[in-house]
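Peer 1: My structure is in model.txt, and what it holds is compact mmCIF, C-alpha atoms:
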```
# COMPACT_ATOMS: atom_id res chain seq x y z
CA MET A 1 92.56 -98.42 -185.21
CA GLY A 2 92.78 -97.68 -188.93
CA PHE A 3 90.08 -98.61 -191.38
CA PHE A 4 92.32 -101.07 -193.24
CA THR A 5 93.45 -102.66 -189.96
CA ASN A 6 89.78 -103.41 -189.31
CA ILE A 7 89.62 -105.25 -192.65
CA LEU A 8 92.70 -107.31 -191.79
CA GLU A 9 91.25 -108.11 -188.38
CA LYS A 10 87.98 -109.35 -189.91
CA LEU A 11 89.98 -111.62 -192.23
CA GLY A 12 92.18 -113.01 -189.46
CA LEU A 13 95.28 -111.29 -190.81
CA LYS A 14 95.93 -108.78 -188.04
CA LYS A 15 99.55 -109.04 -186.99
CA ASP A 16 100.28 -109.20 -183.30
CA LYS A 17 102.19 -106.17 -182.17
CA PRO A 18 104.61 -106.39 -179.28
CA ALA A 19 103.29 -104.94 -176.07
CA PRO A 20 104.38 -101.35 -175.59
CA VAL A 21 107.21 -100.85 -173.14
CA ALA A 22 106.35 -98.62 -170.23
CA GLU A 23 108.96 -95.96 -169.76
CA LYS A 24 109.46 -93.66 -166.84
CA SER A 25 111.06 -90.30 -167.14
CA GLY A 26 111.69 -87.25 -165.05
CA ALA A 27 110.80 -87.50 -161.36
CA ASP A 28 109.40 -91.04 -161.80
CA ALA A 29 112.72 -92.43 -163.05
CA LYS A 30 114.87 -94.07 -160.41
CA PHE A 31 118.50 -94.92 -160.94
CA ILE A 32 120.44 -97.19 -158.68
CA GLU A 33 124.14 -96.61 -158.68
CA ARG A 34 126.06 -99.84 -158.26
CA PRO A 35 129.79 -100.14 -157.63
CA LYS A 36 132.01 -101.30 -160.51
CA GLU A 37 132.84 -104.44 -158.54
CA ASP A 38 129.27 -105.67 -159.10
CA PHE A 39 130.04 -105.97 -162.79
CA MET A 40 133.44 -107.62 -162.52
CA PRO A 41 134.16 -111.35 -162.57
CA LYS A 42 134.74 -112.96 -159.19
CA GLY A 43 138.33 -112.68 -158.02
CA ALA A 44 139.09 -109.70 -160.28
CA VAL A 45 140.68 -106.63 -158.77
CA ALA A 46 139.36 -103.18 -159.56
CA GLY A 47 141.77 -101.37 -161.88
CA ALA A 48 143.64 -104.55 -162.87
CA LYS A 49 143.90 -105.46 -166.53
CA PRO A 50 142.20 -108.68 -167.55
CA ALA A 51 144.47 -111.65 -168.17
CA ALA A 52 145.02 -112.73 -171.76
CA THR A 53 143.11 -115.83 -172.74
CA THR A 54 144.03 -118.53 -175.22
CA ALA A 55 140.42 -119.29 -176.10
CA LYS A 56 139.46 -119.02 -179.78
CA ALA A 57 137.38 -116.08 -180.84
CA ALA A 58 133.70 -116.83 -180.72
CA GLU A 59 132.02 -117.75 -184.00
CA PRO A 60 129.82 -114.98 -185.36
CA VAL A 61 126.22 -115.43 -184.39
CA LYS A 62 124.00 -116.12 -187.36
CA ALA A 63 120.85 -114.06 -187.52
CA ALA A 64 117.65 -116.04 -187.43
CA ALA A 65 115.82 -116.22 -190.74
CA PRO A 66 112.84 -113.90 -190.84
CA ALA A 67 109.62 -115.72 -190.11
CA ALA A 68 107.39 -116.17 -193.13
CA ILE A 69 104.01 -114.53 -193.02
CA ALA A 70 101.41 -117.17 -192.33
CA GLU A 71 99.07 -117.26 -195.30
CA VAL A 72 95.38 -117.06 -194.59
CA ASP A 73 92.91 -118.56 -197.06
CA VAL A 74 91.04 -115.30 -197.60
CA VAL A 75 89.26 -116.55 -200.70
CA LYS A 76 87.82 -119.55 -198.86
CA HIS A 77 86.80 -117.34 -195.95
CA LEU A 78 85.09 -114.80 -198.21
CA GLU A 79 83.38 -117.52 -200.25
CA GLU A 80 81.96 -119.01 -197.05
CA LEU A 81 80.76 -115.60 -195.89
CA SER A 82 79.11 -114.89 -199.24
CA LYS A 83 77.04 -118.09 -199.38
CA GLY A 84 73.38 -117.20 -199.76
CA LYS A 85 74.15 -113.50 -200.22
CA ASP A 86 73.98 -111.60 -203.46
CA LEU A 87 77.37 -109.90 -203.01
CA ASN A 88 80.18 -109.89 -205.57
CA TRP A 89 83.25 -109.21 -203.40
CA LYS A 90 85.61 -110.12 -206.27
CA VAL A 91 84.58 -106.99 -208.19
CA SER A 92 82.98 -104.54 -205.77
CA ILE A 93 84.59 -102.77 -202.81
CA VAL A 94 81.12 -102.03 -201.47
CA ASP A 95 80.20 -105.74 -201.53
CA LEU A 96 83.56 -106.70 -199.98
CA LEU A 97 83.03 -104.27 -197.10
CA LYS A 98 79.40 -105.40 -196.62
CA LEU A 99 80.52 -109.02 -196.56
CA LEU A 100 82.98 -108.17 -193.77
CA ASP A 101 80.25 -106.25 -191.92
CA ILE A 102 82.17 -102.99 -192.28
CA ASP A 103 80.64 -99.60 -193.08
CA SER A 104 80.53 -99.29 -196.88
CA SER A 105 79.11 -95.77 -197.09
CA ARG A 106 80.69 -93.19 -199.40
CA GLU A 107 82.20 -91.43 -196.38
CA ALA A 108 83.75 -94.68 -195.09
CA ARG A 109 85.17 -95.50 -198.53
CA ASN A 110 86.61 -91.99 -198.78
CA GLU A 111 88.27 -92.49 -195.40
CA LEU A 112 89.72 -95.83 -196.52
CA ALA A 113 90.89 -94.31 -199.82
CA LYS A 114 92.71 -91.52 -197.96
CA GLU A 115 94.27 -94.04 -195.57
CA LEU A 116 95.59 -96.06 -198.53
CA ALA A 117 96.83 -92.91 -200.35
CA CYS A 118 94.40 -92.90 -203.26
CA PRO A 119 95.51 -90.50 -206.02
CA GLU A 120 93.73 -87.17 -205.66
CA ASN A 121 92.38 -87.24 -209.23
CA LEU A 122 90.39 -90.41 -208.40
CA MET A 123 88.90 -89.08 -205.16
CA ASN A 124 86.37 -86.90 -207.03
CA ASP A 125 85.11 -89.74 -209.23
CA SER A 126 83.29 -92.33 -207.13
CA ALA A 127 83.38 -95.09 -209.75
CA LYS A 128 87.12 -94.71 -210.47
CA MET A 129 87.92 -94.43 -206.78
CA ASN A 130 85.94 -97.60 -206.04
CA VAL A 131 87.78 -99.59 -208.73
CA TRP A 132 91.15 -98.34 -207.45
CA LEU A 133 90.15 -98.95 -203.86
CA HIS A 134 89.01 -102.52 -204.52
CA LYS A 135 92.30 -103.41 -206.26
CA GLU A 136 94.39 -101.67 -203.60
CA VAL A 137 92.58 -103.39 -200.73
CA LEU A 138 93.11 -106.78 -202.39
CA ARG A 139 96.81 -105.98 -202.98
CA LYS A 140 97.26 -104.96 -199.35
CA ILE A 141 95.45 -108.08 -198.14
CA ALA A 142 97.84 -110.17 -200.26
CA ALA A 143 100.83 -108.25 -198.88
CA ASN A 144 99.65 -109.08 -195.35
CA GLY A 145 99.42 -112.82 -195.90
CA GLY A 146 96.11 -113.27 -197.69
CA ASN A 147 95.98 -115.65 -200.66
CA ILE A 148 94.44 -113.39 -203.28
CA PRO A 149 94.53 -114.91 -206.80
CA ALA A 150 96.69 -113.00 -209.31
CA ASN A 151 93.72 -112.42 -211.64
CA LEU A 152 92.06 -110.30 -208.92
CA LEU A 153 95.20 -108.21 -208.47
CA ASP A 154 95.54 -107.12 -212.12
```
Starting from the coordinates I provided, produce the structure as structure tokens.
Peer 2:
Amino acid sequence: MGFFTNILEKLGLKKDKPAPVAEKSGADAKFIERPKEDFMPKGAVAGAKPAATTAKAAEPVKAAAPAAIAEVDVVKHLEELSKGKDLNWKVSIVDLLKLLDIDSSREARNELAKELACPENLMNDSAKMNVWLHKEVLRKIAANGGNIPANLLD
């Protein structure tokens, strides 16, 4: 699991992934050969051409509209978590990670910065990297259905 995925999970934003499909190959694969007649309509004769039909062509199937991402009230969740704690998650990546009970060490933040493709010139300056990282994490949370106010994304 990636570092950022852990953040999404803590905020209730983790998207469900479809279960992986088990595939068999090589010696484990088994193929059953079935006669053509198994796939033909009843009463049809193998090799015969299908009869012409007078039925109208089927209407094109309309694609279902993509499902909207369910928005999670991240701000409310974080405000509730921060009650009674002296953490400023709106400004500090360290405080945001602490609030979510995620490792906020320099090494962990470096790992997260690499995962989110932090520009190399910021990686050597902890303060600049932290500012970039905080903004990028909030942007990514918003992109995954979190309701982050625009003033925190600037």
Peer 1: Find the spatial neighbours of A:Lys140, counting all atoms listed in the file, within a cut-off of 10 Å - ignore same-chain residues fewer than 4 positions away - and output them as a PyMOL selection string.
Peer 2: chain A and resi 4+8+116+135-136+144-146+148+153
Peer 1: Quick one: pull the distance between atom CA of A:Trp89 and atom CA of A:Asp103, Å, one decimal.
Peer 2: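 These two atoms are separated by 14.3 Å.
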Peer 1: Distance atom CA of A:Glu80-atom CA of A:Val94, one decimal place?
Peer 2: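 One can read the atom CA of A:Glu80 to atom CA of A:Val94 distance as 17.6 Å.
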Peer 1: List the spatial neighbours of A:Asn130 as a list in words - criterion: any atom at most 12 Å away, all atoms listed in the file, same-chain residues fewer than 3 positions off excluded.
Peer 2: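 Answer for this query is Val91, Ser92, Ile93, Val94, Asp95, Leu96, Leu97, Ser104, Ser105, Arg106, Ala108, Arg109, Asn110, Leu112, Ala113, Cys118, Pro119, Leu122, Met123, Asn124, Asp125, Ser126, Ala127, Leu133, His134, Lys135, Glu136 and Val137 of chain A.
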Peer 1: If I take atom CA of A:Val74 and atom CA of A:Asn147, how far is one from the other in Å, to one decimal?
Peer 2: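 Distance between the two atoms: 5.8 Å.
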Peer 1: Can you list, as a ChimeraX atom specification, every protein, DNA or RNA residue that comes within 12 Å of A:Asn6 when you count all atoms listed in the file, leaving out same-chain residues fewer than 2 positions away?
Peer 2: /A:1-4,8-15,97,100-103,112,137,141
Peer 1: Edge lengths and centre, in Å to one decimal, as lines of an AutoDock Vina configuration file: that's what I need for the box along x, y and z that holds all listed atoms of stretch 116-124 of chain A plus 5 Å on each side.
Peer 2:
```
center_x = 91.6
center_y = -91.5
center_z = -203.9
size_x = 20.5
size_y = 19.2
size_z = 20.7
```
Peer 1: For A:Lys90, which residue among A:Leu78, A:Ala142, A:Ile7, A:Asn121 is the nearest when counting all atoms listed in the file?
Peer 2: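 Of all the options, A:Leu78 lies closest to A:Lys90.
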